[in-house]
Amino acid sequence: MQESLGFNGYQEIVEWLEQSLGLNSCYKTVHKLVYYRLKSYPKCHALKALNNQKLK
């Protein structure tokens, strides 16, 4: 079974931060950090394209 990379949404990041690091943060804070500061987003098409190339 292949494990996918990345997150499926900002809420999943919020949950991961709480479970893995014990950080309680709100959705809005995570969105601002990931989207504006890191200039990224959870559902990255580049990662999906990379995964599709690996499968071929």
# chains A, B, ... in the order shown; residues from 1 in each chain; ligands from 1

call {"tool": "residues_around", "arguments": {"residues": "Val34 of chain A", "least_positions_apart": "4", "cutoff": "12 Å", "atoms": "only C-alpha atoms", "output": "PyMOL selection string"}}
result
chain A and resi 7+9-11+13-14+27-30+38-44
